[in-house]
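Source file protein.cif; content: mmCIF, C-alpha atoms and all ligand atoms.
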data_data
#
loop_
_atom_site.label_atom_id
_atom_site.label_comp_id
_atom_site.auth_asym_id
_atom_site.auth_seq_id
_atom_site.Cartn_x
_atom_site.Cartn_y
_atom_site.Cartn_z
CA MET A 20 115.02 100.87 122.01
CA GLN A 21 115.11 97.80 119.74
CA LYS A 22 114.16 98.65 116.17
CA THR A 23 111.09 96.90 114.79
CA ALA A 24 110.16 95.85 111.27
CA LEU A 25 107.12 94.46 109.54
CA VAL A 26 107.75 92.44 106.37
CA THR A 27 104.85 91.23 104.25
CA GLY A 28 105.24 88.00 102.28
CA ALA A 29 107.99 86.75 104.58
CA SER A 30 107.54 83.00 104.07
CA ARG A 31 109.82 82.69 101.05
CA GLY A 32 111.76 84.50 98.35
CA ILE A 33 112.66 88.17 98.77
CA GLY A 34 110.50 88.74 101.87
CA HIS A 35 112.08 85.77 103.64
CA ALA A 36 115.58 87.07 102.86
CA VAL A 37 114.64 90.57 104.07
CA ALA A 38 113.20 89.23 107.34
CA LYS A 39 116.25 86.99 107.86
CA LEU A 40 118.70 89.84 107.27
CA LEU A 41 116.84 92.30 109.50
CA LEU A 42 116.70 89.67 112.27
CA SER A 43 120.46 89.21 111.97
CA GLU A 44 120.76 92.99 112.35
CA HIS A 45 118.86 92.70 115.66
CA TYR A 46 115.55 94.12 114.54
CA ARG A 47 112.41 92.72 116.15
CA VAL A 48 110.66 91.44 113.03
CA MET A 49 107.08 90.45 112.37
CA GLY A 50 106.39 88.60 109.13
CA ILE A 51 103.06 88.30 107.39
CA SER A 52 102.32 85.48 105.02
CA ARG A 53 99.29 83.74 103.64
CA THR A 54 100.60 80.47 104.95
CA LEU A 55 102.71 79.48 107.95
CA PRO A 56 105.37 78.44 108.90
CA MET A 57 108.02 80.96 107.90
CA ASN A 58 111.04 78.95 109.09
CA LEU A 59 112.74 81.77 110.97
CA PRO A 60 112.85 80.97 114.69
CA ASP A 61 112.98 84.57 115.94
CA LEU A 62 110.35 85.92 113.57
CA ILE A 63 106.95 86.88 114.98
CA PRO A 64 104.59 85.24 112.47
CA LEU A 65 101.17 86.42 111.38
CA SER A 66 99.06 84.53 108.88
CA ALA A 67 96.78 86.71 106.77
CA ASP A 68 95.52 86.95 103.22
CA LEU A 69 96.44 90.54 102.42
CA SER A 70 94.37 90.50 99.23
CA ASP A 71 91.32 90.41 101.50
CA LEU A 72 91.26 94.15 102.15
CA GLU A 73 88.56 93.86 104.82
CA GLN A 74 91.05 91.99 107.01
CA LEU A 75 93.57 94.83 107.00
CA PRO A 76 92.29 96.84 110.01
CA GLN A 77 92.54 93.68 112.13
CA VAL A 78 95.98 92.91 110.69
CA ALA A 79 97.16 96.44 111.58
CA ASP A 80 95.84 96.04 115.14
CA GLU A 81 97.61 92.72 115.55
CA VAL A 82 100.85 94.18 114.22
CA LEU A 83 100.77 97.15 116.59
CA ASN A 84 99.81 94.93 119.54
CA ALA A 85 102.77 92.65 118.84
CA LEU A 86 105.42 95.23 117.94
CA GLY A 87 104.21 98.30 119.84
CA HIS A 88 105.53 100.57 117.11
CA ILE A 89 106.95 100.14 113.60
CA ASP A 90 110.30 101.56 112.54
CA VAL A 91 110.45 99.82 109.17
CA LEU A 92 107.53 98.71 107.03
CA VAL A 93 108.43 96.55 104.03
CA HIS A 94 105.61 95.96 101.53
CA ASN A 95 106.88 92.88 99.73
CA ALA A 96 103.96 90.44 99.31
CA GLY A 97 102.95 90.25 95.68
CA ILE A 98 101.88 87.91 92.90
CA SER A 99 102.68 87.88 89.21
CA CYS A 100 100.10 87.63 86.47
CA HIS A 101 100.98 86.51 82.96
CA GLY A 102 98.78 86.55 79.87
CA LEU A 103 97.35 88.71 77.14
CA PHE A 104 95.84 91.94 78.50
CA GLN A 105 92.28 91.17 77.36
CA GLU A 106 92.35 87.51 78.45
CA ILE A 107 93.10 87.69 82.19
CA PRO A 108 90.09 86.48 84.21
CA GLU A 109 88.37 89.22 86.24
CA LYS A 110 88.80 87.33 89.52
CA LYS A 111 92.55 87.08 89.01
CA LEU A 112 92.76 90.79 88.22
CA GLN A 113 90.89 91.70 91.39
CA LYS A 114 93.30 89.66 93.48
CA LEU A 115 96.32 91.12 91.68
CA TYR A 116 95.29 94.74 92.20
CA ALA A 117 94.18 94.09 95.78
CA LEU A 118 97.38 92.36 96.89
CA ASN A 119 100.01 94.23 94.86
CA LEU A 120 98.63 97.77 95.06
CA ALA A 121 95.61 98.34 97.33
CA ALA A 122 96.94 96.34 100.30
CA PRO A 123 100.26 98.22 100.65
CA ILE A 124 98.45 101.55 100.36
CA GLN A 125 95.70 100.60 102.82
CA LEU A 126 98.09 99.01 105.31
CA THR A 127 100.24 102.14 105.17
CA ARG A 128 97.16 104.29 105.82
CA LEU A 129 96.38 102.18 108.88
CA LEU A 130 99.93 102.13 110.28
CA LEU A 131 100.98 105.68 109.41
CA PRO A 132 99.33 107.33 112.46
CA SER A 133 101.64 105.39 114.80
CA MET A 134 104.66 106.58 112.77
CA LEU A 135 103.41 110.18 112.71
CA GLN A 136 102.95 110.08 116.47
CA ARG A 137 106.62 109.12 116.94
CA HIS A 138 107.82 111.42 114.15
CA LYS A 139 109.74 108.43 112.82
CA GLY A 140 109.24 105.73 110.22
CA ASN A 141 110.60 104.11 107.13
CA ILE A 142 108.42 102.61 104.40
CA ILE A 143 109.88 100.47 101.61
CA CYS A 144 107.82 99.08 98.72
CA ILE A 145 109.07 96.23 96.56
CA SER A 146 108.11 97.32 93.07
CA SER A 147 109.58 95.79 89.89
CA ILE A 148 111.53 96.58 86.75
CA TRP A 149 108.20 96.11 84.95
CA GLY A 150 106.77 98.98 86.99
CA GLU A 151 109.53 101.13 85.50
CA THR A 152 109.47 99.95 81.89
CA GLY A 153 106.16 98.11 81.42
CA ALA A 154 106.01 94.51 80.20
CA SER A 155 104.09 92.83 77.43
CA CYS A 156 101.84 90.03 78.76
CA GLU A 157 102.25 91.47 82.25
CA VAL A 158 100.39 94.73 81.67
CA ASP A 159 98.30 94.74 84.86
CA TYR A 160 101.26 93.56 86.95
CA SER A 161 103.23 96.48 85.48
CA VAL A 162 100.40 98.84 86.45
CA THR A 163 100.41 97.64 90.06
CA LYS A 164 104.17 98.04 90.33
CA GLY A 165 104.22 101.41 88.58
CA GLY A 166 101.45 102.49 90.94
CA LEU A 167 103.67 101.65 93.91
CA ILE A 168 106.42 103.89 92.54
CA ALA A 169 103.95 106.79 92.19
CA PHE A 170 102.65 106.08 95.70
CA VAL A 171 106.16 106.26 97.13
CA LYS A 172 106.94 109.51 95.36
CA GLY A 173 103.73 111.20 96.50
CA LEU A 174 103.74 109.97 100.09
CA ALA A 175 107.42 110.82 100.58
CA LYS A 176 106.60 114.45 99.84
CA GLU A 177 103.67 114.44 102.23
CA VAL A 178 105.40 112.88 105.24
CA GLY A 179 109.05 113.95 104.88
CA LEU A 180 108.70 116.79 107.38
CA SER A 181 107.14 114.28 109.79
CA GLY A 182 110.39 112.30 109.89
CA ILE A 183 109.18 109.48 107.66
CA ARG A 184 111.07 108.21 104.62
CA VAL A 185 109.36 106.32 101.78
CA ASN A 186 111.23 104.52 98.99
CA ALA A 187 110.74 101.81 96.38
CA VAL A 188 113.04 99.05 95.24
CA SER A 189 112.62 97.71 91.71
CA PRO A 190 114.21 94.30 91.18
CA GLY A 191 114.91 92.78 87.79
CA THR A 192 114.73 89.00 87.60
CA ILE A 193 115.40 87.46 91.00
CA CYS A 194 115.64 83.68 91.44
CA THR A 195 112.59 82.87 93.55
CA ASP A 196 109.52 80.65 93.19
CA MET A 197 107.81 83.52 91.33
CA MET A 198 110.14 82.94 88.37
CA ILE A 199 109.47 79.18 88.00
CA PRO A 200 106.57 79.63 85.50
CA LEU A 201 108.91 81.46 83.10
CA GLY A 202 110.84 78.28 82.25
CA ALA A 203 114.54 77.67 81.63
CA GLU A 204 114.71 79.21 78.14
CA THR A 205 113.19 82.55 79.17
CA LEU A 206 115.37 82.67 82.28
CA LYS A 207 118.46 82.12 80.07
CA THR A 208 117.37 85.04 77.85
CA LEU A 209 116.80 87.23 80.91
CA THR A 210 120.25 86.27 82.23
CA ASP A 211 121.84 87.22 78.90
CA GLU A 212 120.12 90.61 79.12
CA THR A 213 121.99 91.56 82.31
CA ALA A 214 125.34 93.35 82.19
CA LEU A 215 126.53 91.16 85.08
CA GLY A 216 125.56 87.92 83.31
CA ARG A 217 123.55 86.52 86.20
CA LEU A 218 120.08 86.71 87.71
CA GLY A 219 119.63 88.31 91.11
CA THR A 220 119.28 86.56 94.44
CA ALA A 221 116.77 87.34 97.15
CA MET A 222 119.71 88.37 99.34
CA ASP A 223 120.84 90.94 96.72
CA VAL A 224 117.49 92.68 97.20
CA ALA A 225 117.47 92.19 100.98
CA GLN A 226 120.79 94.01 101.27
CA LEU A 227 119.37 97.02 99.45
CA VAL A 228 116.29 96.98 101.68
CA SER A 229 118.51 96.78 104.75
CA PHE A 230 120.46 99.81 103.53
CA LEU A 231 117.27 101.79 102.93
CA ALA A 232 116.04 100.75 106.38
CA SER A 233 119.23 101.93 108.03
CA ASP A 234 120.39 105.39 109.08
CA GLN A 235 123.07 105.16 106.36
CA SER A 236 120.38 106.12 103.86
CA ASP A 237 119.04 108.97 105.99
CA TYR A 238 118.99 111.47 103.11
CA ILE A 239 117.21 109.17 100.64
CA THR A 240 113.44 109.47 100.25
CA GLY A 241 110.91 109.46 97.43
CA GLN A 242 113.23 107.34 95.31
CA ASN A 243 112.82 104.23 93.24
CA ILE A 244 116.07 102.27 93.25
CA SER A 245 116.61 99.72 90.48
CA ILE A 246 118.39 96.48 91.29
CA ASN A 247 118.60 94.44 88.11
CA GLY A 248 122.20 93.46 87.34
CA GLY A 249 122.41 96.22 84.75
CA VAL A 250 119.68 95.16 82.33
CA ILE A 251 120.89 96.07 78.89
P1 LIG B 1 107.41 84.67 96.05
O1 LIG B 1 106.25 84.16 95.27
O2 LIG B 1 108.62 83.83 96.20
O3 LIG B 1 106.92 85.11 97.52
C1 LIG B 1 105.77 85.89 97.68
C2 LIG B 1 105.46 86.05 99.16
O4 LIG B 1 104.21 86.78 99.24
C3 LIG B 1 105.25 84.73 99.89
O5 LIG B 1 105.73 84.86 101.22
C4 LIG B 1 103.73 84.58 99.91
O6 LIG B 1 103.25 83.82 101.02
C5 LIG B 1 103.31 86.02 100.04
N1 LIG B 1 101.92 86.18 99.57
C6 LIG B 1 101.44 85.86 98.35
N2 LIG B 1 100.10 86.11 98.32
C7 LIG B 1 99.78 86.61 99.54
C8 LIG B 1 98.58 87.05 100.13
N3 LIG B 1 97.41 87.02 99.45
N4 LIG B 1 98.58 87.49 101.42
C9 LIG B 1 99.75 87.51 102.12
N5 LIG B 1 100.93 87.11 101.61
C10 LIG B 1 100.94 86.66 100.34
O7 LIG B 1 107.75 86.07 95.40
P2 LIG B 1 109.13 86.90 95.32
O8 LIG B 1 109.77 86.59 94.03
O9 LIG B 1 109.89 86.76 96.58
O10 LIG B 1 108.53 88.38 95.18
C11 LIG B 1 108.42 89.26 96.28
C12 LIG B 1 108.05 90.64 95.75
O11 LIG B 1 109.05 91.07 94.84
C13 LIG B 1 106.72 90.66 94.99
O12 LIG B 1 106.02 91.84 95.28
C14 LIG B 1 107.18 90.66 93.53
O13 LIG B 1 106.22 91.28 92.69
C15 LIG B 1 108.45 91.45 93.62
N6 LIG B 1 109.38 91.19 92.53
C16 LIG B 1 109.91 89.97 92.34
C17 LIG B 1 110.78 89.75 91.29
C18 LIG B 1 111.43 88.42 91.02
O14 LIG B 1 112.10 88.31 89.99
N7 LIG B 1 111.27 87.43 91.85
C19 LIG B 1 111.11 90.82 90.43
C20 LIG B 1 110.56 92.06 90.66
C21 LIG B 1 109.69 92.24 91.72
#
Would you write out, as structure tokens, the structure that this file holds?
Ligand code: NAD
Amino acid sequence: MQKTALVTGASRGIGHAVAKLLLSEHYRVMGISRTLPMNLPDLIPLSADLSDLEQLPQVADEVLNALGHIDVLVHNAGISCHGLFQEIPEKKLQKLYALNLAAPIQLTRLLLPSMLQRHKGNIICISSIWGETGASCEVDYSVTKGGLIAFVKGLAKEVGLSGIRVNAVSPGTICTDMMIPLGAETLKTLTDETALGRLGTAMDVAQLVSFLASDQSDYITGQNISINGGVI
């Protein structure tokens, strides 16, 4: 049976690279994004605002109708949020927590029964280095990403005997649109802070996701794997 994958935030950046790589590995891939198109001819596209949590039951139905079952679920959609902790507008915070943390958890809750039924499934959350270490001026973003790591660790223990693996991937600085607001000077500093002397690419992260999605990582669950060029 052809393996299936759902990738959230597949229109650009890391999610796009993940969807592209999984398609090249002959998965049937559905990609969710706020906006279409996703520029991958074989991708099954679904447009949805995942920060609108009330939409999620309908999103889950549409996903299961299109794919039938889900082998690999990649929670990638996310936004950043910069500013002093006490100065972030409430509306922005609500969107941040809804998209980065509540949506992956809720969508998992909705899709898990179909995985449990088949005694098979693989859930991968894209967290962040800031979820591991915390970041000044990105406190709430750090909380959402740290929350994903805790989610992965707890759920992996609950569903391991049901044949389902759950892992997180924590990228350092990856060259995508999300990094544009940081500016050239900050990006240079972040580059200098890596042991490898370069920032990551979306494909660097996609290759790790592909490994975690594959049977080659069959004995890995409940882990958070850092991919950051060896941040010093
Ligand atoms: P990006 O901004 O390039 O892409 C984000 C994707 O999420 C897009 O496809 C966008 O359409 C989608 N998206 C945004 N809001 C959405 C919404 N409300 N509903 C549905 N989809 C929505 O970002 P990226 O750099 O590729 O980041 C992808 C993930 O990796 C994010 O969770 C981010 O926090 C994480 N991450 C990125 C970096 C980095 O350096 N780029 C580092 C660590 C973690």
I'd like the neighbourhood of Asn84 (chain A) as a tab-separated table (two decimals) with C-alpha atoms, in the coordinates of the input, where a residue qualifies if any of its atoms comes within 12 Å (using only C-alpha atoms), though same-chain residues fewer than 2 positions away should be ignored.
chain	number	residue	atom	x	y	z
A	49	MET	CA	107.08	90.45	112.37
A	63	ILE	CA	106.95	86.88	114.98
A	65	LEU	CA	101.17	86.42	111.38
A	77	GLN	CA	92.54	93.68	112.13
A	78	VAL	CA	95.98	92.91	110.69
A	79	ALA	CA	97.16	96.44	111.58
A	80	ASP	CA	95.84	96.04	115.14
A	81	GLU	CA	97.61	92.72	115.55
A	82	VAL	CA	100.85	94.18	114.22
A	86	LEU	CA	105.42	95.23	117.94
A	87	GLY	CA	104.21	98.30	119.84
A	88	HIS	CA	105.53	100.57	117.11
A	89	ILE	CA	106.95	100.14	113.60
A	130	LEU	CA	99.93	102.13	110.28
A	133	SER	CA	101.64	105.39	114.80
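The residue that comes closest to Gly140 (chain A), out of A:Ala187, A:Ile98, A:Ala175, A:Val228 and on the basis of all atoms listed in the file, is A:Ala175.
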Expected answer as a PyMOL selection string: residues within 7 Å of ligand LIG 1 (chain B), only C-alpha atoms and all ligand atoms: chain A and resi 27-35+51-54+67-70+95-99+118-119+145-148+189-198+221
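The list of residues with at least one atom within 8 Å of region 103-117 of chain A, based on only C-alpha atoms and without residues fewer than 2 positions apart in the same chain, reads Leu69, Ser70, Asp71, Leu72, Gly97, Ile98, Ser99, Cys100, His101, Asn119, Leu120, Ala121, Ala122, Ser155, Cys156, Glu157, Val158, Asp159, Tyr160 and Thr163 of chain A.
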Pick from A:Lys39, A:Lys176, A:Lys164, A:His45, whichever lies nearest to Gly150 (chain A) using only C-alpha atoms: A:Lys164
